[in-house]
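What follows is a set of notes on a single structure, which appears directly below.
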Amino acid sequence: MNQRYRIGVLTPSSNTALEPLTSEMVSRVPGASAHFARFPVTEISLRDAALRQFDDSKILEAARLLADARVDVICWSGTSAGWLGFEADERLCSRIAEATGIPATTSVLALNEALQLRGARTLGLVTPYVAEVQQRIVANYAARGIQCVAERHLDLHVNFRFAEVSPQTLTELVCEVARDKPDAITTFCTNLRAAQLASTLEERTGVPLYDTVSTVVWKALRMAGADTRALRGWGSLFDESPRHGAA
């Protein structure tokens, strides 16, 4: 019997980008499949109501549903730890594993691992978020020893609208931050349609591009024991290089 790799993906309810992108990536890996569970997220801001959307209890309810599908790994395909603090995702992964018996990862923890493997100390940050959220993300990376030398944000707060940002706009923003020659660039939001642009933009700018839909797929597949070399054309994150090997 061929090996199966079932990836469980926790998804913001108003997100329309990550499911098709994740499914397309995972479908390239023989035996792999992605399975999704949603919980309510409609606004990204620092308002109390928006912050409460990421209460672990709601996320754990969705994680338990994924556990019914006997997935090999559960991943939070979201970037809330960027403004809540990276320890929020570390705590969430521990709680998911405790509640389900299934290992977990997140977009942000996977991104941070990829940046560490590359030895990145400077970052170009592209998001759809409002300024105060962007500032929190920049500050959290600074505390980690990674300086955001260039950033662009679109001042949007309605999560549904993030997926309506055009690939042309994303291309322009990535090329703008690339001018400051960061060690890496991230398109930091899982409701942006950016993952499919990575290879083209890396070739154009000469800078690695780590999209947060891609980072969690990369890490989750490797945690499940899958070989991600089939994911050619989705950026250098999936290269055969030992620098990007399984942790």
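Each chain in the structure tokens gets a letter, A, B and so on, in the order shown; residues start at 1 in every chain, and ligands are counted from 1 in the order they appear.
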Compile a residue-level contact table for stretch 8-111 of chain A against stretch 215-233 of chain A at a cut-off of 6 Å, reporting for every qualifying residue the shortest atom pair and its distance in Å to one decimal, with only C-alpha atoms counted, rows ordered by chain and ascending number, as a Markdown table.
```
| residue | atom | partner | partner_atom | distance |
| --- | --- | --- | --- | --- |
| A:Arg28 | CA | A:Ala230 | CA | 6.0 |
| A:Val29 | CA | A:Ala230 | CA | 5.8 |
| A:Asp72 | CA | A:Ala224 | CA | 5.7 |
| A:Thr106 | CA | A:Val216 | CA | 5.7 |
| A:Ser107 | CA | A:Val216 | CA | 4.4 |
| A:Ala110 | CA | A:Thr215 | CA | 5.4 |
| A:Leu111 | CA | A:Thr215 | CA | 5.5 |
```
In stretch 3-208 of chain A, DSSP helix (DSSP H, G or I) residues written as a ChimeraX atom specification: /A:18-26,48-52,56-67,81-84,86-100,107-118,131-143,159-162,167-178,195-205
Mind checking which residues fall within 7 Å of A:Val177, counting only C-alpha atoms, ignoring those fewer than 5 positions away in the same chain, and posting them as an mmCIF file with all heavy atoms, in the first residue's frame?
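File produced: part_12.cif:
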```cif
data_model
loop_
_atom_site.group_PDB
_atom_site.id
_atom_site.type_symbol
_atom_site.label_atom_id
_atom_site.label_comp_id
_atom_site.auth_asym_id
_atom_site.auth_seq_id
_atom_site.Cartn_x
_atom_site.Cartn_y
_atom_site.Cartn_z
ATOM 1 N N GLY A 124 12.380 41.537 4.491
ATOM 2 C CA GLY A 124 11.413 42.391 3.811
ATOM 3 C C GLY A 124 10.028 41.863 4.111
ATOM 4 O O GLY A 124 9.758 40.670 3.928
ATOM 5 N N ALA A 150 12.775 46.659 5.243
ATOM 6 C CA ALA A 150 11.807 47.240 4.309
ATOM 7 C C ALA A 150 10.466 46.587 4.555
ATOM 8 O O ALA A 150 10.381 45.383 4.800
ATOM 9 C CB ALA A 150 12.244 47.021 2.863
ATOM 10 N N GLU A 151 9.396 47.394 4.521
ATOM 11 C CA GLU A 151 8.056 46.839 4.714
ATOM 12 C C GLU A 151 7.049 47.600 3.872
ATOM 13 O O GLU A 151 7.220 48.782 3.585
ATOM 14 C CB GLU A 151 7.676 46.864 6.200
ATOM 15 C CG GLU A 151 7.534 48.242 6.831
ATOM 16 C CD GLU A 151 6.158 48.876 6.631
ATOM 17 O OE1 GLU A 151 5.205 48.177 6.245
ATOM 18 O OE2 GLU A 151 6.062 50.099 6.829
#
```
Those of stretch 174-217 of chain A in DSSP strand (DSSP E or B), formatted as a PyMOL selection string: chain A and resi 184-187+209-211
Produce a file of the selected residues containing N, CA, C and O atoms, as an mmCIF file, in the first residue's frame.
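Heads up, here's the output in result-v1.cif:
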```cif
data_model
loop_
_atom_site.group_PDB
_atom_site.id
_atom_site.type_symbol
_atom_site.label_atom_id
_atom_site.label_comp_id
_atom_site.auth_asym_id
_atom_site.auth_seq_id
_atom_site.Cartn_x
_atom_site.Cartn_y
_atom_site.Cartn_z
ATOM 1 N N ALA A 184 15.852 37.886 3.201
ATOM 2 C CA ALA A 184 14.668 37.146 2.770
ATOM 3 C C ALA A 184 13.476 38.095 2.777
ATOM 4 O O ALA A 184 13.498 39.136 3.446
ATOM 5 N N ILE A 185 12.451 37.726 2.018
ATOM 6 C CA ILE A 185 11.186 38.470 1.983
ATOM 7 C C ILE A 185 10.079 37.508 2.374
ATOM 8 O O ILE A 185 10.106 36.333 2.013
ATOM 9 N N THR A 186 9.094 38.002 3.120
ATOM 10 C CA THR A 186 7.913 37.195 3.406
ATOM 11 C C THR A 186 6.651 37.941 3.003
ATOM 12 O O THR A 186 6.506 39.133 3.264
ATOM 13 N N THR A 187 5.779 37.235 2.318
ATOM 14 C CA THR A 187 4.399 37.691 2.133
ATOM 15 C C THR A 187 3.635 37.086 3.297
ATOM 16 O O THR A 187 3.345 35.888 3.320
ATOM 17 N N LEU A 209 11.840 34.235 -1.270
ATOM 18 C CA LEU A 209 10.507 34.677 -0.851
ATOM 19 C C LEU A 209 9.815 33.536 -0.119
ATOM 20 O O LEU A 209 9.590 32.465 -0.682
ATOM 21 N N TYR A 210 9.485 33.765 1.145
ATOM 22 C CA TYR A 210 8.808 32.773 1.967
ATOM 23 C C TYR A 210 7.381 33.227 2.244
ATOM 24 O O TYR A 210 7.141 34.091 3.088
ATOM 25 N N ASP A 211 6.443 32.656 1.519
ATOM 26 C CA ASP A 211 5.030 32.947 1.735
ATOM 27 C C ASP A 211 4.510 32.110 2.890
ATOM 28 O O ASP A 211 4.900 30.944 3.062
#
```
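Those residues that approach A:Glu176 to within 12 Å, counting only C-alpha atoms, are Gly124, Leu125, Val126, Val149, Ala150, Glu151, Arg152, His153, Thr169, Leu170, Thr171, Glu172, Leu173, Val174, Ala178, Arg179, Asp180, Lys181, Pro182, Ile185, Leu201, Arg204, Thr205 and Val207 of chain A; same-chain residues fewer than 2 positions away are not listed.
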Selection from above, N, CA and C atoms, as a PDB file, in the first residue's frame, can you write it?
```
ATOM      1  N   GLY A 124      12.380  41.537   4.491  1.00  0.00           N
ATOM      2  CA  GLY A 124      11.413  42.391   3.811  1.00  0.00           C
ATOM      3  C   GLY A 124      10.028  41.863   4.111  1.00  0.00           C
ATOM      4  N   LEU A 125       9.149  42.717   4.587  1.00  0.00           N
ATOM      5  CA  LEU A 125       7.833  42.303   5.092  1.00  0.00           C
ATOM      6  C   LEU A 125       6.730  42.916   4.238  1.00  0.00           C
ATOM      7  N   VAL A 126       5.889  42.064   3.645  1.00  0.00           N
ATOM      8  CA  VAL A 126       4.753  42.505   2.832  1.00  0.00           C
ATOM      9  C   VAL A 126       3.489  41.933   3.436  1.00  0.00           C
ATOM     10  N   VAL A 149      14.095  45.504   7.273  1.00  0.00           N
ATOM     11  CA  VAL A 149      14.753  46.644   6.629  1.00  0.00           C
ATOM     12  C   VAL A 149      13.843  47.321   5.609  1.00  0.00           C
ATOM     13  N   ALA A 150      12.775  46.659   5.243  1.00  0.00           N
ATOM     14  CA  ALA A 150      11.807  47.240   4.309  1.00  0.00           C
ATOM     15  C   ALA A 150      10.466  46.587   4.555  1.00  0.00           C
ATOM     16  N   GLU A 151       9.396  47.394   4.521  1.00  0.00           N
ATOM     17  CA  GLU A 151       8.056  46.839   4.714  1.00  0.00           C
ATOM     18  C   GLU A 151       7.049  47.600   3.872  1.00  0.00           C
ATOM     19  N   ARG A 152       6.020  46.880   3.471  1.00  0.00           N
ATOM     20  CA  ARG A 152       4.876  47.480   2.795  1.00  0.00           C
ATOM     21  C   ARG A 152       3.627  46.848   3.378  1.00  0.00           C
ATOM     22  N   HIS A 153       2.601  47.677   3.600  1.00  0.00           N
ATOM     23  CA  HIS A 153       1.323  47.167   4.080  1.00  0.00           C
ATOM     24  C   HIS A 153       0.215  47.970   3.403  1.00  0.00           C
ATOM     25  N   THR A 169      -0.364  43.677  -7.748  1.00  0.00           N
ATOM     26  CA  THR A 169      -0.042  44.515  -6.590  1.00  0.00           C
ATOM     27  C   THR A 169       0.993  43.832  -5.705  1.00  0.00           C
ATOM     28  N   LEU A 170       0.818  42.547  -5.462  1.00  0.00           N
ATOM     29  CA  LEU A 170       1.774  41.817  -4.634  1.00  0.00           C
ATOM     30  C   LEU A 170       3.155  41.799  -5.268  1.00  0.00           C
ATOM     31  N   THR A 171       3.195  41.630  -6.569  1.00  0.00           N
ATOM     32  CA  THR A 171       4.477  41.657  -7.281  1.00  0.00           C
ATOM     33  C   THR A 171       5.171  42.998  -7.097  1.00  0.00           C
ATOM     34  N   GLU A 172       4.417  44.075  -7.223  1.00  0.00           N
ATOM     35  CA  GLU A 172       4.992  45.409  -7.062  1.00  0.00           C
ATOM     36  C   GLU A 172       5.530  45.612  -5.644  1.00  0.00           C
ATOM     37  N   LEU A 173       4.776  45.165  -4.635  1.00  0.00           N
ATOM     38  CA  LEU A 173       5.201  45.337  -3.248  1.00  0.00           C
ATOM     39  C   LEU A 173       6.461  44.534  -2.941  1.00  0.00           C
ATOM     40  N   VAL A 174       6.506  43.305  -3.419  1.00  0.00           N
ATOM     41  CA  VAL A 174       7.690  42.477  -3.193  1.00  0.00           C
ATOM     42  C   VAL A 174       8.912  43.090  -3.867  1.00  0.00           C
ATOM     43  N   ALA A 178      12.402  44.452  -2.082  1.00  0.00           N
ATOM     44  CA  ALA A 178      13.636  43.797  -2.525  1.00  0.00           C
ATOM     45  C   ALA A 178      14.748  44.802  -2.799  1.00  0.00           C
ATOM     46  N   ARG A 179      14.385  46.048  -3.076  1.00  0.00           N
ATOM     47  CA  ARG A 179      15.403  47.065  -3.381  1.00  0.00           C
ATOM     48  C   ARG A 179      16.341  47.303  -2.205  1.00  0.00           C
ATOM     49  N   ASP A 180      15.861  47.014  -0.985  1.00  0.00           N
ATOM     50  CA  ASP A 180      16.712  47.202   0.192  1.00  0.00           C
ATOM     51  C   ASP A 180      17.551  45.972   0.509  1.00  0.00           C
ATOM     52  N   LYS A 181      17.509  44.989  -0.372  1.00  0.00           N
ATOM     53  CA  LYS A 181      18.355  43.803  -0.311  1.00  0.00           C
ATOM     54  C   LYS A 181      18.291  43.065   1.037  1.00  0.00           C
ATOM     55  N   PRO A 182      17.103  42.712   1.479  1.00  0.00           N
ATOM     56  CA  PRO A 182      16.994  41.897   2.701  1.00  0.00           C
ATOM     57  C   PRO A 182      17.506  40.485   2.439  1.00  0.00           C
ATOM     58  N   ILE A 185      12.451  37.726   2.018  1.00  0.00           N
ATOM     59  CA  ILE A 185      11.186  38.470   1.983  1.00  0.00           C
ATOM     60  C   ILE A 185      10.079  37.508   2.374  1.00  0.00           C
ATOM     61  N   LEU A 201       9.242  35.603  -8.611  1.00  0.00           N
ATOM     62  CA  LEU A 201       9.745  36.779  -7.912  1.00  0.00           C
ATOM     63  C   LEU A 201      11.155  36.556  -7.373  1.00  0.00           C
ATOM     64  N   ARG A 204      13.358  37.167 -10.257  1.00  0.00           N
ATOM     65  CA  ARG A 204      13.374  38.594 -10.623  1.00  0.00           C
ATOM     66  C   ARG A 204      14.175  39.428  -9.634  1.00  0.00           C
ATOM     67  N   THR A 205      14.070  39.115  -8.348  1.00  0.00           N
ATOM     68  CA  THR A 205      14.686  39.964  -7.321  1.00  0.00           C
ATOM     69  C   THR A 205      16.009  39.417  -6.791  1.00  0.00           C
ATOM     70  N   VAL A 207      16.116  37.435  -4.269  1.00  0.00           N
ATOM     71  CA  VAL A 207      15.916  37.310  -2.823  1.00  0.00           C
ATOM     72  C   VAL A 207      14.925  36.170  -2.567  1.00  0.00           C
TER      73      VAL A 207
END
```
A:Phe162 environment, 10 Å, only C-alpha atoms, sequence neighbours closer than 4 positions dropped, as a PyMOL selection string: chain A and resi 14-17+127-129+154+156-158+166+189-193
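Atom CA of A:Asn2 is positioned 20.0 Å from atom CA of A:Glu24.
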Per residue of stretch 1-25 of chain A within 12 Å of stretch 97-105 of chain A, note the shortest atom pair and the distance in Å to one decimal, counting only C-alpha atoms, and order the rows by chain and increasing residue number, as a tab-separated table.
```
residue	atom	partner	partner_atom	distance
A:Arg6	CA	A:Ile102	CA	11.5
A:Ile7	CA	A:Ala104	CA	10.0
A:Gly8	CA	A:Ala104	CA	9.1
A:Val9	CA	A:Ala104	CA	9.8
A:Leu10	CA	A:Thr105	CA	10.3
```
Kindly export the residues of the current selection with N, CA and C atoms, as a PDB file, in the first residue's frame.
```
ATOM      1  N   ARG A   6      -1.663  12.750   5.523  1.00  0.00           N
ATOM      2  CA  ARG A   6      -2.847  13.582   5.703  1.00  0.00           C
ATOM      3  C   ARG A   6      -2.474  14.810   6.527  1.00  0.00           C
ATOM      4  N   ILE A   7      -2.668  15.975   5.929  1.00  0.00           N
ATOM      5  CA  ILE A   7      -2.322  17.235   6.567  1.00  0.00           C
ATOM      6  C   ILE A   7      -3.604  17.941   6.983  1.00  0.00           C
ATOM      7  N   GLY A   8      -3.749  18.199   8.284  1.00  0.00           N
ATOM      8  CA  GLY A   8      -4.906  18.938   8.784  1.00  0.00           C
ATOM      9  C   GLY A   8      -4.579  20.419   8.870  1.00  0.00           C
ATOM     10  N   VAL A   9      -5.468  21.252   8.353  1.00  0.00           N
ATOM     11  CA  VAL A   9      -5.187  22.689   8.254  1.00  0.00           C
ATOM     12  C   VAL A   9      -6.289  23.490   8.942  1.00  0.00           C
ATOM     13  N   LEU A  10      -5.905  24.239   9.954  1.00  0.00           N
ATOM     14  CA  LEU A  10      -6.812  25.161  10.641  1.00  0.00           C
ATOM     15  C   LEU A  10      -6.889  26.452   9.839  1.00  0.00           C
TER      16      LEU A  10
END
```
A:Ile146, A:His35, A:Leu92, A:Leu84 ranked by distance to A:Leu66, top pick (using only C-alpha atoms):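 The closest residue to A:Leu66 is A:His35.
Here atom CA of A:Arg4 and atom CA of A:Ser23 stand 14.9 Å from one another.
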Nearby residues (only C-alpha atoms) at most 10 Å from A:Arg118, same-chain spacing under 2 positions excluded, as a PyMOL selection string: chain A and resi 112-116+120-121+183-184+208+237+243-244
Keeping only all heavy atoms, write the selected residues as a short mmCIF file (atom, residue, chain, number, x, y, z; two decimals), in the first residue's frame.
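See out-v1.cif below for the written result:
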```cif
data_model
loop_
_atom_site.label_atom_id
_atom_site.label_comp_id
_atom_site.auth_asym_id
_atom_site.auth_seq_id
_atom_site.Cartn_x
_atom_site.Cartn_y
_atom_site.Cartn_z
N ASN A 112 9.76 31.12 10.78
CA ASN A 112 10.91 31.42 11.63
C ASN A 112 11.99 30.35 11.51
O ASN A 112 13.19 30.65 11.53
CB ASN A 112 10.47 31.57 13.07
CG ASN A 112 9.63 32.81 13.29
OD1 ASN A 112 9.51 33.66 12.41
ND2 ASN A 112 9.01 32.93 14.45
N GLU A 113 11.56 29.10 11.35
CA GLU A 113 12.53 28.03 11.13
C GLU A 113 13.26 28.20 9.80
O GLU A 113 14.48 28.03 9.71
CB GLU A 113 11.84 26.67 11.19
CG GLU A 113 12.79 25.50 10.99
CD GLU A 113 12.09 24.15 11.08
OE1 GLU A 113 11.07 24.05 11.77
OE2 GLU A 113 12.60 23.20 10.46
N ALA A 114 12.50 28.53 8.76
CA ALA A 114 13.11 28.74 7.45
C ALA A 114 14.11 29.90 7.48
O ALA A 114 15.19 29.82 6.89
CB ALA A 114 12.03 29.00 6.40
N LEU A 115 13.74 30.98 8.18
CA LEU A 115 14.67 32.12 8.30
C LEU A 115 15.92 31.72 9.06
O LEU A 115 17.03 32.13 8.71
CB LEU A 115 13.96 33.28 9.00
CG LEU A 115 12.80 33.93 8.24
CD1 LEU A 115 12.09 34.95 9.12
CD2 LEU A 115 13.28 34.57 6.94
N GLN A 116 15.76 30.91 10.10
CA GLN A 116 16.91 30.47 10.88
C GLN A 116 17.82 29.57 10.04
O GLN A 116 19.05 29.70 10.08
CB GLN A 116 16.44 29.72 12.13
CG GLN A 116 17.58 29.26 13.02
CD GLN A 116 17.07 28.58 14.28
OE1 GLN A 116 15.90 28.25 14.40
NE2 GLN A 116 17.96 28.36 15.23
N ALA A 120 19.04 34.21 8.10
CA ALA A 120 18.55 35.55 7.78
C ALA A 120 18.57 36.45 9.01
O ALA A 120 18.09 36.07 10.07
CB ALA A 120 17.14 35.48 7.21
N ARG A 121 19.12 37.64 8.82
CA ARG A 121 19.13 38.65 9.88
C ARG A 121 18.37 39.91 9.46
O ARG A 121 18.10 40.78 10.29
CB ARG A 121 20.56 39.00 10.26
CG ARG A 121 21.28 37.88 10.99
CD ARG A 121 20.65 37.66 12.36
NE ARG A 121 21.25 36.54 13.09
CZ ARG A 121 20.74 35.31 13.09
NH1 ARG A 121 19.62 35.06 12.40
NH2 ARG A 121 21.32 34.34 13.77
N ASP A 183 17.81 39.78 3.51
CA ASP A 183 18.22 38.38 3.37
C ASP A 183 17.07 37.51 2.89
O ASP A 183 17.30 36.47 2.25
CB ASP A 183 18.72 37.84 4.72
CG ASP A 183 19.99 38.51 5.19
OD1 ASP A 183 20.79 38.96 4.34
OD2 ASP A 183 20.19 38.60 6.42
N ALA A 184 15.85 37.89 3.20
CA ALA A 184 14.67 37.15 2.77
C ALA A 184 13.48 38.09 2.78
O ALA A 184 13.50 39.14 3.45
CB ALA A 184 14.40 35.95 3.67
N PRO A 208 15.21 35.27 -1.63
CA PRO A 208 14.25 34.21 -1.29
C PRO A 208 12.93 34.80 -0.80
O PRO A 208 12.93 35.75 -0.01
CB PRO A 208 14.94 33.43 -0.17
CG PRO A 208 16.38 33.76 -0.31
CD PRO A 208 16.45 35.16 -0.84
N LEU A 237 12.09 27.60 -1.03
CA LEU A 237 11.77 26.94 0.23
C LEU A 237 11.72 25.44 0.07
O LEU A 237 12.08 24.68 0.99
CB LEU A 237 10.42 27.45 0.74
CG LEU A 237 9.88 26.87 2.04
CD1 LEU A 237 10.78 27.26 3.22
CD2 LEU A 237 8.45 27.33 2.29
N ARG A 243 19.95 22.74 3.50
CA ARG A 243 19.61 23.86 4.35
C ARG A 243 18.12 23.87 4.65
O ARG A 243 17.66 24.46 5.62
CB ARG A 243 19.99 25.19 3.67
CG ARG A 243 21.46 25.37 3.47
CD ARG A 243 21.71 26.68 2.75
NE ARG A 243 21.35 27.83 3.59
CZ ARG A 243 22.18 28.42 4.44
NH1 ARG A 243 23.38 27.92 4.63
NH2 ARG A 243 21.80 29.47 5.15
N HIS A 244 17.33 23.24 3.76
CA HIS A 244 15.89 23.21 3.95
C HIS A 244 15.40 21.80 4.26
O HIS A 244 14.26 21.46 4.00
CB HIS A 244 15.17 23.77 2.72
CG HIS A 244 15.46 25.21 2.49
ND1 HIS A 244 15.05 26.19 3.35
CD2 HIS A 244 16.16 25.83 1.53
CE1 HIS A 244 15.46 27.38 2.92
NE2 HIS A 244 16.14 27.18 1.83
#
```
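Atom pair atom CA of A:Ala32 / atom CA of A:Thr212: separated by 19.3 Å.
Residue nearest A:Val73, chosen from A:Cys93, A:Val213, A:Ala163, A:Ala88 and counting only C-alpha atoms: A:Cys93.
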Close residues, A:Ala142 itself excluded, 10 Å, only C-alpha atoms, min 5 positions apart in chain, as an MDAnalysis selection string: chainID A and resid 121:123 136:137 147:148
Please save N, CA, C and O atoms of the selected residues as a compact mmCIF listing (two decimals), in the first residue's frame.
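Okay, this is what ended up in selection-v7.txt:
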```txt
# COMPACT_ATOMS: atom_id res chain seq x y z
N ARG A 121 19.12 37.64 8.82
CA ARG A 121 19.13 38.65 9.88
C ARG A 121 18.37 39.91 9.46
O ARG A 121 18.10 40.78 10.29
N THR A 122 18.02 40.00 8.19
CA THR A 122 17.22 41.12 7.70
C THR A 122 16.05 40.57 6.89
O THR A 122 16.17 39.52 6.25
N LEU A 123 14.94 41.29 6.92
CA LEU A 123 13.70 40.79 6.35
C LEU A 123 12.97 41.89 5.62
O LEU A 123 12.92 43.03 6.08
N ARG A 136 3.62 45.89 15.24
CA ARG A 136 3.80 44.79 16.20
C ARG A 136 4.65 43.67 15.58
O ARG A 136 5.51 43.09 16.25
N ILE A 137 4.37 43.36 14.32
CA ILE A 137 5.13 42.31 13.66
C ILE A 137 6.61 42.69 13.56
O ILE A 137 7.50 41.89 13.87
N GLN A 147 15.91 42.16 11.68
CA GLN A 147 15.50 43.53 11.39
C GLN A 147 14.70 43.59 10.10
O GLN A 147 15.16 43.10 9.06
N CYS A 148 13.52 44.19 10.17
CA CYS A 148 12.74 44.44 8.95
C CYS A 148 13.28 45.70 8.29
O CYS A 148 13.00 46.82 8.73
```
